[in-house]
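Enquirer: So here's work_26.cif, just mmCIF, C-alpha atoms:
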data_structure
loop_
_atom_site.group_PDB
_atom_site.id
_atom_site.type_symbol
_atom_site.label_atom_id
_atom_site.label_comp_id
_atom_site.auth_asym_id
_atom_site.auth_seq_id
_atom_site.Cartn_x
_atom_site.Cartn_y
_atom_site.Cartn_z
ATOM 1 C CA LEU A 31 -9.735 20.320 2.469
ATOM 2 C CA ALA A 32 -13.432 20.126 1.551
ATOM 3 C CA THR A 33 -12.993 23.175 -0.702
ATOM 4 C CA ASN A 34 -9.766 21.747 -2.198
ATOM 5 C CA ARG A 35 -7.481 24.351 -0.590
ATOM 6 C CA VAL A 36 -4.895 21.730 0.257
ATOM 7 C CA ASP A 37 -1.893 24.040 0.569
ATOM 8 C CA GLN A 38 -3.771 26.280 3.005
ATOM 9 C CA ALA A 39 -4.875 23.254 5.003
ATOM 10 C CA MET A 40 -1.293 22.001 5.253
ATOM 11 C CA GLN A 41 -0.083 25.405 6.442
ATOM 12 C CA MET A 42 -2.756 25.439 9.143
ATOM 13 C CA LEU A 43 -1.864 21.903 10.238
ATOM 14 C CA GLN A 44 1.839 22.729 10.384
ATOM 15 C CA GLY A 45 1.052 25.747 12.546
ATOM 16 C CA TYR A 46 -1.112 23.611 14.797
ATOM 17 C CA VAL A 47 1.587 20.952 15.208
ATOM 18 C CA SER A 48 4.328 23.479 15.944
ATOM 19 C CA LYS A 49 2.269 25.443 18.503
ATOM 20 C CA SER A 50 0.319 22.583 20.081
ATOM 21 C CA SER A 51 2.859 19.802 20.390
ATOM 22 C CA ASN A 52 0.987 18.093 23.227
ATOM 23 C CA ALA A 53 -2.558 18.649 21.997
ATOM 24 C CA PRO A 54 -4.763 15.542 21.864
ATOM 25 C CA ALA A 55 -5.082 15.732 18.085
ATOM 26 C CA SER A 56 -1.386 16.199 17.326
ATOM 27 C CA ASP A 57 -0.978 12.619 16.128
ATOM 28 C CA LEU A 58 -3.951 12.954 13.779
ATOM 29 C CA ALA A 59 -2.558 16.257 12.488
ATOM 30 C CA LEU A 60 0.793 14.610 11.747
ATOM 31 C CA LEU A 61 -0.896 11.684 9.996
ATOM 32 C CA THR A 62 -2.949 14.087 7.898
ATOM 33 C CA LEU A 63 0.113 16.165 6.979
ATOM 34 C CA GLY A 64 2.080 13.115 5.916
ATOM 35 C CA GLY A 65 -0.848 11.705 3.972
ATOM 36 C CA LEU A 66 -1.505 14.995 2.172
ATOM 37 C CA HIS A 67 2.112 15.326 1.061
ATOM 38 C CA LEU A 68 2.059 11.725 -0.179
ATOM 39 C CA ARG A 69 -1.228 12.077 -2.039
ATOM 40 C CA GLN A 70 -0.253 15.403 -3.590
ATOM 41 C CA GLY A 71 2.968 13.843 -4.817
ATOM 42 C CA VAL A 72 1.382 10.812 -6.455
ATOM 43 C CA ALA A 73 -1.633 12.662 -7.881
ATOM 44 C CA GLY A 74 -0.051 13.088 -11.303
ATOM 45 C CA LEU A 75 1.471 9.621 -11.580
ATOM 46 C CA ARG A 76 0.179 6.932 -13.917
ATOM 47 C CA ALA A 77 -0.810 3.534 -12.563
ATOM 48 C CA ASP A 78 2.203 1.870 -14.206
ATOM 49 C CA GLN A 79 4.549 4.341 -12.474
ATOM 50 C CA LEU A 80 3.119 3.407 -9.072
ATOM 51 C CA LEU A 81 4.001 -0.210 -9.849
ATOM 52 C CA SER A 82 7.556 0.493 -11.075
ATOM 53 C CA PRO A 83 9.611 2.188 -8.361
ATOM 54 C CA PRO A 84 11.764 4.121 -7.833
ATOM 55 C CA VAL A 85 9.675 7.082 -8.958
ATOM 56 C CA PRO A 86 10.550 10.762 -8.372
ATOM 57 C CA VAL A 87 7.685 12.099 -6.255
ATOM 58 C CA PRO A 88 7.543 15.729 -5.102
ATOM 59 C CA GLY A 89 7.056 16.148 -1.369
ATOM 60 C CA LEU A 90 7.910 12.549 -0.480
ATOM 61 C CA THR A 91 10.664 13.596 1.922
ATOM 62 C CA ASN A 92 8.180 15.825 3.748
ATOM 63 C CA ALA A 93 5.655 12.989 3.927
ATOM 64 C CA ILE A 94 8.243 10.638 5.434
ATOM 65 C CA GLY A 95 9.295 13.277 7.941
ATOM 66 C CA TRP A 96 5.778 13.956 9.266
ATOM 67 C CA LEU A 97 4.888 10.270 9.461
ATOM 68 C CA GLN A 98 8.091 9.340 11.244
ATOM 69 C CA GLU A 99 7.557 12.192 13.694
ATOM 70 C CA LEU A 100 4.128 10.750 14.522
ATOM 71 C CA LEU A 101 5.607 7.322 15.220
ATOM 72 C CA GLN A 102 8.463 8.737 17.294
ATOM 73 C CA ARG A 103 6.311 11.040 19.406
ATOM 74 C CA PHE A 104 3.215 8.855 19.640
ATOM 75 C CA PRO A 105 4.312 5.203 19.294
ATOM 76 C CA HIS A 106 1.018 3.986 20.791
ATOM 77 C CA SER A 107 -1.215 6.266 18.747
ATOM 78 C CA PRO A 108 -4.383 4.695 17.314
ATOM 79 C CA TYR A 109 -3.200 6.148 13.985
ATOM 80 C CA ALA A 110 0.199 4.401 14.064
ATOM 81 C CA SER A 111 -0.846 1.585 11.730
ATOM 82 C CA GLU A 112 -2.204 4.084 9.178
ATOM 83 C CA ALA A 113 1.084 5.984 9.396
ATOM 84 C CA ARG A 114 2.959 2.721 8.792
ATOM 85 C CA LEU A 115 0.874 2.041 5.692
ATOM 86 C CA ASP A 116 1.607 5.503 4.274
ATOM 87 C CA LEU A 117 5.299 5.151 5.165
ATOM 88 C CA GLY A 118 5.353 1.823 3.366
ATOM 89 C CA TRP A 119 4.048 3.548 0.257
ATOM 90 C CA CYS A 120 6.663 6.306 0.585
ATOM 91 C CA PHE A 121 9.534 3.832 0.802
ATOM 92 C CA TRP A 122 7.995 1.729 -2.005
ATOM 93 C CA LEU A 123 7.976 4.768 -4.298
ATOM 94 C CA GLU A 124 11.593 5.482 -3.390
ATOM 95 C CA GLY A 125 12.524 1.891 -4.219
ATOM 96 C CA ARG A 126 13.582 1.181 -0.618
ATOM 97 C CA MET A 127 12.067 -2.288 -0.435
ATOM 98 C CA PRO A 128 13.336 -3.484 2.966
ATOM 99 C CA GLU A 129 11.973 -0.338 4.668
ATOM 100 C CA ALA A 130 8.730 -0.625 2.728
ATOM 101 C CA GLN A 131 8.340 -4.269 3.737
ATOM 102 C CA THR A 132 8.958 -3.470 7.414
ATOM 103 C CA ASN A 133 6.230 -0.829 7.448
ATOM 104 C CA PHE A 134 3.669 -2.801 5.445
ATOM 105 C CA ALA A 135 4.267 -5.793 7.731
ATOM 106 C CA ALA A 136 3.758 -3.637 10.823
ATOM 107 C CA ALA A 137 0.593 -2.039 9.436
ATOM 108 C CA ALA A 138 -1.250 -5.004 7.937
ATOM 109 C CA PRO A 139 -2.253 -7.040 11.014
ATOM 110 C CA LYS A 140 -3.178 -3.970 13.066
ATOM 111 C CA LEU A 141 -5.397 -2.180 10.554
ATOM 112 C CA ALA A 142 -9.137 -2.635 10.850
ATOM 113 C CA PRO A 143 -10.636 -5.140 8.379
ATOM 114 C CA GLY A 144 -11.289 -3.329 5.132
ATOM 115 C CA LEU A 145 -9.690 -2.055 1.943
ATOM 116 C CA ALA A 146 -6.725 -0.457 3.741
ATOM 117 C CA GLN A 147 -5.796 -3.733 5.424
ATOM 118 C CA ALA A 148 -6.133 -5.701 2.184
ATOM 119 C CA THR A 149 -3.957 -3.104 0.447
ATOM 120 C CA ALA A 150 -1.313 -3.376 3.165
ATOM 121 C CA TYR A 151 -1.125 -7.163 2.720
ATOM 122 C CA PHE A 152 -0.986 -6.729 -1.070
ATOM 123 C CA LYS A 153 1.937 -4.304 -0.840
ATOM 124 C CA LEU A 154 3.654 -6.499 1.750
ATOM 125 C CA ALA A 155 3.456 -9.341 -0.774
ATOM 126 C CA ASP A 156 4.789 -7.041 -3.510
ATOM 127 C CA THR A 157 7.852 -6.177 -1.436
ATOM 128 C CA GLN A 158 8.425 -9.826 -0.524
ATOM 129 C CA PHE A 159 8.264 -10.802 -4.198
ATOM 130 C CA ARG A 160 10.743 -8.091 -5.180
ATOM 131 C CA LEU A 161 13.099 -9.167 -2.405
ATOM 132 C CA GLY A 162 13.074 -12.780 -3.583
ATOM 133 C CA ASP A 163 10.703 -14.304 -1.020
ATOM 134 C CA ALA A 164 8.295 -15.943 -3.464
ATOM 135 C CA GLN A 165 6.709 -18.225 -0.866
ATOM 136 C CA GLY A 166 6.067 -15.350 1.541
ATOM 137 C CA ALA A 167 4.611 -13.312 -1.302
ATOM 138 C CA LEU A 168 2.365 -16.212 -2.318
ATOM 139 C CA THR A 169 1.062 -16.518 1.239
ATOM 140 C CA ASN A 170 0.127 -12.845 1.430
ATOM 141 C CA TYR A 171 -1.323 -12.582 -2.077
ATOM 142 C CA ASN A 172 -3.562 -15.497 -1.136
ATOM 143 C CA ARG A 173 -4.463 -13.682 2.084
ATOM 144 C CA VAL A 174 -5.613 -10.723 -0.017
ATOM 145 C CA VAL A 175 -7.774 -13.058 -2.100
ATOM 146 C CA GLU A 176 -9.343 -14.390 1.108
ATOM 147 C CA LEU A 177 -9.909 -10.886 2.502
ATOM 148 C CA CYS A 178 -11.625 -9.815 -0.700
ATOM 149 C CA ALA A 179 -14.353 -12.396 -0.166
ATOM 150 C CA GLY A 180 -16.146 -10.223 2.371
ATOM 151 C CA LEU A 181 -15.159 -6.810 1.010
ATOM 152 C CA PRO A 182 -16.964 -5.668 -2.148
ATOM 153 C CA GLU A 183 -14.717 -2.605 -2.464
ATOM 154 C CA ALA A 184 -11.594 -4.745 -2.289
ATOM 155 C CA GLN A 185 -13.064 -7.242 -4.751
ATOM 156 C CA ALA A 186 -13.527 -4.455 -7.267
ATOM 157 C CA SER A 187 -9.968 -3.134 -7.027
ATOM 158 C CA LEU A 188 -7.713 -5.896 -5.689
ATOM 159 C CA LEU A 189 -9.084 -9.370 -6.442
ATOM 160 C CA GLU A 190 -8.086 -9.622 -10.093
ATOM 161 C CA PRO A 191 -4.535 -8.238 -9.646
ATOM 162 C CA ALA A 192 -4.089 -10.369 -6.509
ATOM 163 C CA LEU A 193 -4.958 -13.551 -8.418
ATOM 164 C CA TYR A 194 -2.581 -12.475 -11.189
ATOM 165 C CA GLN A 195 0.218 -11.993 -8.666
ATOM 166 C CA VAL A 196 -0.608 -15.377 -7.115
ATOM 167 C CA VAL A 197 0.215 -16.898 -10.506
ATOM 168 C CA HIS A 198 3.597 -15.128 -10.666
ATOM 169 C CA ALA A 199 4.526 -15.931 -7.066
ATOM 170 C CA ALA A 200 3.388 -19.545 -7.356
ATOM 171 C CA VAL A 201 5.449 -20.099 -10.492
ATOM 172 C CA ALA A 202 8.499 -18.506 -8.815
ATOM 173 C CA ALA A 203 7.995 -20.723 -5.760
ATOM 174 C CA GLY A 204 7.588 -23.859 -7.866
ATOM 175 C CA ARG A 205 3.937 -24.243 -6.854
ATOM 176 C CA LEU A 206 2.463 -24.935 -10.286
ATOM 177 C CA ALA A 207 -0.802 -26.366 -8.947
ATOM 178 C CA ALA A 208 -1.416 -23.106 -7.073
ATOM 179 C CA ALA A 209 -0.680 -21.154 -10.257
ATOM 180 C CA THR A 210 -3.146 -23.275 -12.228
ATOM 181 C CA ASN A 211 -5.813 -22.828 -9.586
ATOM 182 C CA ALA A 212 -5.413 -19.040 -9.692
ATOM 183 C CA VAL A 213 -5.637 -19.047 -13.489
ATOM 184 C CA GLU A 214 -8.851 -21.063 -13.316
ATOM 185 C CA ARG A 215 -10.309 -18.534 -10.886
ATOM 186 C CA LEU A 216 -9.326 -15.664 -13.171
ATOM 187 C CA LEU A 217 -10.903 -17.373 -16.190
ATOM 188 C CA SER A 218 -14.070 -18.014 -14.215
ATOM 189 C CA ARG A 219 -14.394 -14.622 -12.531
ATOM 190 C CA PHE A 220 -12.673 -12.281 -15.006
ATOM 191 C CA PRO A 221 -12.765 -13.963 -18.440
ATOM 192 C CA GLU A 222 -12.166 -10.647 -20.203
ATOM 193 C CA GLY A 223 -10.072 -9.122 -17.416
ATOM 194 C CA TYR A 224 -6.935 -7.081 -18.025
ATOM 195 C CA HIS A 225 -4.743 -9.581 -16.144
ATOM 196 C CA THR A 226 -6.333 -12.836 -17.276
ATOM 197 C CA ALA A 227 -4.605 -13.419 -20.623
ATOM 198 C CA PRO A 228 -1.132 -12.547 -19.240
ATOM 199 C CA ALA A 229 -1.734 -14.912 -16.307
ATOM 200 C CA VAL A 230 -2.649 -17.740 -18.698
ATOM 201 C CA LEU A 231 0.550 -17.035 -20.652
ATOM 202 C CA VAL A 232 2.739 -17.095 -17.520
ATOM 203 C CA ALA A 233 1.218 -20.373 -16.313
ATOM 204 C CA GLY A 234 1.365 -21.912 -19.783
ATOM 205 C CA GLN A 235 5.037 -21.075 -20.178
#
Would you kindly transcribe this structure into structure tokens?
Expert:
Amino acid sequence: LATNRVDQAMQMLQGYVSKSSNAPASDLALLTLGGLHLRQGVAGLRADQLLSPPVPVPGLTNAIGWLQELLQRFPHSPYASEARLDLGWCFWLEGRMPEAQTNFAAAAPKLAPGLAQATAYFKLADTQFRLGDAQGALTNYNRVVELCAGLPEAQASLLEPALYQVVHAAVAAGRLAAATNAVERLLSRFPEGYHTAPAVLVAGQ
């Protein structure tokens, strides 16, 4: 992997899993296989495609298979929550929102504090919003905003879009004061941000 020979690495991992089914690192090997198939598949996608499922992604079926095998064989693995996060992404890309929501919800509270956990809550909120649960989505978008406070990496990548989604979810839930508050935070923190003007428009309308 360090020399970018991903296909060779996956072949070696598949051989390891098939020959060493009870080895201590089998769960990590399965997680890595599933993650590699997922990341290879999305490597050529644009950001807007990731946000607009369903999207045809090569290797997604393989990714789902390896990740589900991990969870079936090692339900108490320390890597189970990471597998759930990747599975959530797989089902999100396939447009299977209920399955995506189930996996993001299982992953989020069990992941260690950090960018991965904030991402899991963000995607959980995304699935809730798409499934018509505006109040649930608002709660979890706000949770992402709170998590970003102590995570510089998350602030850089998630805070602005989370505040933007707070506006959408708050409007859908009839919580106009919450929408206004999020707009004020966007104007203060990201006056020239990509999401700020559209958020002002949504709240103004």
Enquirer: Rounded to one decimal, what separation in Å do you get between CA of Val85 in chain A and CA of Ala184 in chain A?
Expert: 25.2 Å
Enquirer: Pull the closest atom pair for each residue of range 128-205 of chain A that gets at most 12 Å from range 228-232 of chain A, along with the distance in Å to one decimal, counting all atoms listed in the file, ordering rows by chain and then ascending residue number, as a tab-separated table.
Expert:
residue	atom	partner	partner_atom	distance
A:Glu190	CA	A:Ala229	CA	10.3
A:Pro191	CA	A:Ala229	CA	9.8
A:Ala192	CA	A:Ala229	CA	11.1
A:Leu193	CA	A:Ala229	CA	8.6
A:Tyr194	CA	A:Ala229	CA	5.7
A:Gln195	CA	A:Ala229	CA	8.4
A:Val196	CA	A:Ala229	CA	9.3
A:Val197	CA	A:Ala229	CA	6.4
A:His198	CA	A:Val232	CA	7.2
A:Ala199	CA	A:Val232	CA	10.7
A:Ala200	CA	A:Val232	CA	10.5
A:Val201	CA	A:Val232	CA	8.1
A:Ala202	CA	A:Val232	CA	10.5
Enquirer: Can you work out the spacing between CA of Cys120 in chain A and CA of Asp156 in chain A in Å, to one decimal?
Expert: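 One can read the CA of Cys120 in chain A to CA of Asp156 in chain A distance as 14.1 Å.
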Enquirer: Run the PyMOL selection byres ((chain A and resi 124) around 7) on the file and write out the hits as an MDAnalysis selection string.
Expert: chainID A and resid 83:85 120:123 125:126
Enquirer: Give me, as a ChimeraX atom specification, all polymer residues having an atom no more than 12 Å from Gln70 in chain A, counting all atoms listed in the file and skipping those fewer than 2 positions away in the same chain.
Expert: /A:34-37,40,62-68,72-75,87-90,92-93
Enquirer: One decimal, Å: what's the distance from CA of Glu183 in chain A over to CA of His225 in chain A, could you say?
Expert: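 Separation of CA of Glu183 in chain A and CA of His225 in chain A: 18.3 Å.
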Enquirer: Extract, using all atoms listed in the file, all DNA, RNA and protein residues at most 10 Å from Leu115 in chain A, discarding same-chain residues fewer than 4 positions from it, and format them as number ranges by chain.
Expert: A: 65, 97, 110-111, 119-120, 130-138, 141, 146-147, 149-151, 153-154
Enquirer: Need the shell around Phe104 in chain A: protein/DNA/RNA residues with any atom at most 12 Å away, counting only C-alpha atoms. Skip same-chain ones fewer than 4 positions apart. Format as a list in words?
Expert: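 Everything that qualifies: Ser51, Asn52, Ala53, Pro54, Ala55, Ser56, Asp57, Leu58, Ala59, Leu60, Leu61, Trp96, Leu97, Gln98, Glu99, Leu100, Pro108, Tyr109, Ala110, Ser111 and Ala113 of chain A.
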Enquirer: Store the residues of this selection in a file with C-alpha atoms, as a short mmCIF file (atom, residue, chain, number, x, y, z; two decimals), keeping the file's coordinate frame.
Expert:
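Output contents, as saved in out-v5.cif:
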data_model
loop_
_atom_site.label_atom_id
_atom_site.label_comp_id
_atom_site.auth_asym_id
_atom_site.auth_seq_id
_atom_site.Cartn_x
_atom_site.Cartn_y
_atom_site.Cartn_z
CA SER A 51 2.86 19.80 20.39
CA ASN A 52 0.99 18.09 23.23
CA ALA A 53 -2.56 18.65 22.00
CA PRO A 54 -4.76 15.54 21.86
CA ALA A 55 -5.08 15.73 18.08
CA SER A 56 -1.39 16.20 17.33
CA ASP A 57 -0.98 12.62 16.13
CA LEU A 58 -3.95 12.95 13.78
CA ALA A 59 -2.56 16.26 12.49
CA LEU A 60 0.79 14.61 11.75
CA LEU A 61 -0.90 11.68 10.00
CA TRP A 96 5.78 13.96 9.27
CA LEU A 97 4.89 10.27 9.46
CA GLN A 98 8.09 9.34 11.24
CA GLU A 99 7.56 12.19 13.69
CA LEU A 100 4.13 10.75 14.52
CA PRO A 108 -4.38 4.70 17.31
CA TYR A 109 -3.20 6.15 13.98
CA ALA A 110 0.20 4.40 14.06
CA SER A 111 -0.85 1.58 11.73
CA ALA A 113 1.08 5.98 9.40
#
Enquirer: From the options A:Cys178, A:Leu81, A:Leu117, A:Ala155, which residue's atoms come nearest to Leu101 in chain A, counting all atoms listed in the file?
Expert: A:Leu117
Enquirer: Could you put an axis-aligned box around every listed atom of range 132-135 of chain A, padded by 8 Å on each side, and send me its centre and edge lengths in Å to one decimal, as AutoDock Vina command-line options?
Expert:
--center_x 6.3 --center_y -3.3 --center_z 6.6 --size_x 21.3 --size_y 21.0 --size_z 18.3
Enquirer: Using only C-alpha atoms, pick whichever of A:Leu80, A:Leu181, A:Ala164, A:Leu189 has the shortest atom-to-atom distance to Phe220 in chain A.
Expert: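 Counting only C-alpha atoms, the residue closest to Phe220 in chain A is A:Leu189.
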